[in-house]
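Worksheet for the structure shown next.
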Amino acid sequence: MVTQEFEQRTRELIDGLKAICAAYGLGNDGNEFKIITQVFLYKFLNDKFAFEAKKIRPDLAQADSWEQAIASLSAEDLDMLQLQMGPDTARLKPEHFIAHLWNRQTAPEFAKLFDDTLRDIAITNNDIFAVKTDGGTKITLFDRVSEFITDTSKRDAFCRALINKLGGFSFERIFTQKYDFYASLFEYLIKDYNKDSGGKYAEYYTPHAVAKIMAAILVPEDVRGQVRNVSCYDPSAGSGTLLMNIAHAIGEQRCSIYSQDISQKSSSLLRLNLILNNLVHSIPNIIQGNTMLHPYHREGKALRKFDYIVSNPPFKMDFSDFRNELDSKEHQERFFAGVPNTPKQAVDKMAIYQLFLQHIIHSLKPGGKAAVVVPTGFLTAQSGIDKAIRQHLVDNKMLAGVVSMPSNIFATTGTNVSIVFIDRSNQYGVVLLDASGLGTKVKDGKNQKTVLSEAEEDRIIATFNAKEAEHDFAVVASYGEIAAKNYSLSAGQYFEVKIEYSDLTPMQFNEKLQGFTARLVALFQESAGLELEIKKQLMALRYE
């Protein structure tokens, strides 16, 4: 009940912030998501600080105003309080509190005070909360929010409206809840800002079903709690749905998150996701940059290897500007199957997922595991880079299996997708599972998507993890069998054809045979009648 109440109040807060942006001409503006997410995060960090402070010093919870009680502490006591807080709590000063800004709304140049407060929080916490670019530049936590309003005379009023929205309730009671709350909250927070905009680096929101299946197969229930001190990586992280799911499966304090994504917006959203999901310790590993051209994470000069990798990479994208650079000796070991050629037409349809898949294989530790979303056509291509990658996975015995998903599992793309599971320790059977017949079709705005029920998701996970064969659903093939079928990974090519036999008496057999004969005669007669009618029509036309 507490979670439902707070989810409703949180949605009202987000909707209220959006309404303010709309009232000041920023509705659907390119900068709206920055304002919404940063103001929301400012509120969240304030309440998290209050929660931790009251836990350490219960006397603060009894005070009429915890903000005033902290402001009255000596500098030494405030330093001690902050030292006792966990590493995922922002270090705030009394002048950073929402209450302090609320009390100073009549001050001249309030917008400057608001912006300066956010910037000071960002600078004070830069070591913890800054995201880096692949060139080493740090992207701080907060921008100057008021500067997105071009009319300077309206900035003070805009910031006053924002600060007045933040005092209605506190997140404090929700910090004791499980993180499922934050997943739905994050999705609602970014729902208008994470859609496929059709740009060069379009972002795709990975459905929860796909993320859940990937995490549950990579980290099955029977090993959860045993996995610790591992690294999880996504080279095309987006807003982090896949990383959050695998981190929750392992345990947030038992793993470190690493990522890279070319989109600055995605990196900012991922940072927010990490803060909401108790993974602040991994923010220094979040890199904004071109993974294919400038992979950032290294151990010495060599690329870093990871225990777990998850990815839903872009399938097709124009990378002709740096295609030849990737096809050089420097990248040859990583792109072992080759770099796609630049087509003469439809340059935007270059198969960049082939590069991501090779990069992931190269980045796995011995014994490491990965799950990657690919277009289903990858499973059966008879030649070229696709086949070379499949052959590498099979010949090197590092393929755990494939799940072919229903069509339209992604509302934003009609491409059929499959999940390829890689396991460098899997020496035996490969699970090929065809889930294309599952799910229910629903409308999602102008698009149609397929939604899996929880029971269907659980069926896929249980069948795959048990390595069970199931008629027309799953098969367990040997590496030798896959090689003999030209390395095809399509489950349908391995299903047995079943012939049903029935015991019939001679009389029953004759009755069935007479029935077949009667139907055949009727069909021939129908066909002859149709042929005669057509001839009549043609004759009539000739004599008109």
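Letters for chains follow the order of the structure tokens (A, B, ...), residue numbers begin at 1 for each chain, and ligand numbers begin at 1 in the order shown.
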
Skipping near chain neighbours, those fewer than 5 positions away, what residues fall within 9 Å of Leu357 of chain A using only C-alpha atoms, listed as an mmCIF file with N, CA and C atoms, in the first residue's frame?
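Once everything was written out, this is part-v3.cif:
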```cif
data_model
loop_
_atom_site.group_PDB
_atom_site.id
_atom_site.type_symbol
_atom_site.label_atom_id
_atom_site.label_comp_id
_atom_site.auth_asym_id
_atom_site.auth_seq_id
_atom_site.Cartn_x
_atom_site.Cartn_y
_atom_site.Cartn_z
ATOM 1 N N SER A 311 23.386 -6.607 -23.787
ATOM 2 C CA SER A 311 23.351 -5.536 -24.779
ATOM 3 C C SER A 311 22.154 -5.674 -25.710
ATOM 4 N N PRO A 313 22.058 -3.722 -28.858
ATOM 5 C CA PRO A 313 22.728 -2.704 -29.677
ATOM 6 C C PRO A 313 21.834 -2.218 -30.807
ATOM 7 N N ILE A 352 25.499 -2.487 -37.982
ATOM 8 C CA ILE A 352 26.432 -2.204 -36.887
ATOM 9 C C ILE A 352 26.329 -3.224 -35.754
ATOM 10 N N HIS A 362 34.714 -10.560 -27.826
ATOM 11 C CA HIS A 362 36.112 -10.234 -27.512
ATOM 12 C C HIS A 362 36.268 -9.756 -26.060
ATOM 13 N N VAL A 372 22.718 -11.035 -25.863
ATOM 14 C CA VAL A 372 22.689 -9.945 -26.833
ATOM 15 C C VAL A 372 21.441 -10.058 -27.700
ATOM 16 N N VAL A 374 19.620 -9.555 -31.114
ATOM 17 C CA VAL A 374 20.038 -9.463 -32.524
ATOM 18 C C VAL A 374 18.798 -9.589 -33.406
ATOM 19 N N ILE A 389 30.419 -15.263 -37.494
ATOM 20 C CA ILE A 389 30.282 -15.109 -36.031
ATOM 21 C C ILE A 389 29.661 -16.368 -35.431
#
```

Those in segment 331-437 of chain A with helix (DSSP H, G or I) from DSSP, as a PyMOL selection string: chain A and resi 331+347-349+353-362+376-379+384-395

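Each of A:Ile139, A:Leu364, A:Ala462, A:Leu78 was checked against Pro284 of chain A using only C-alpha atoms; the smallest atom-to-atom distance is that of A:Ile139.
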
What's the 10 Å shell around His294 of chain A, counting only C-alpha atoms, without same-chain residues fewer than 5 positions away, as a list in words?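 Non-adjacent residues within range: Asp134, Gly135, Gln260, Gly289 and Leu326 of chain A.
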
Requested in this report: Using DSSP on the backbone coordinates, identify all residues within segment 239-322 of chain A classified as strand (DSSP E or B); present the result as a PyMOL selection string.
Outcome: chain A and resi 255-261+286-288+298-299+302-303+306-311

Considering only C-alpha atoms, return as a PyMOL selection string whatever protein or nucleic-acid residues lie within 8 Å of Val417 of chain A, sequence-local ones (same chain, fewer than 3 positions apart) excluded.
-> chain A and resi 373-376+404-407+409
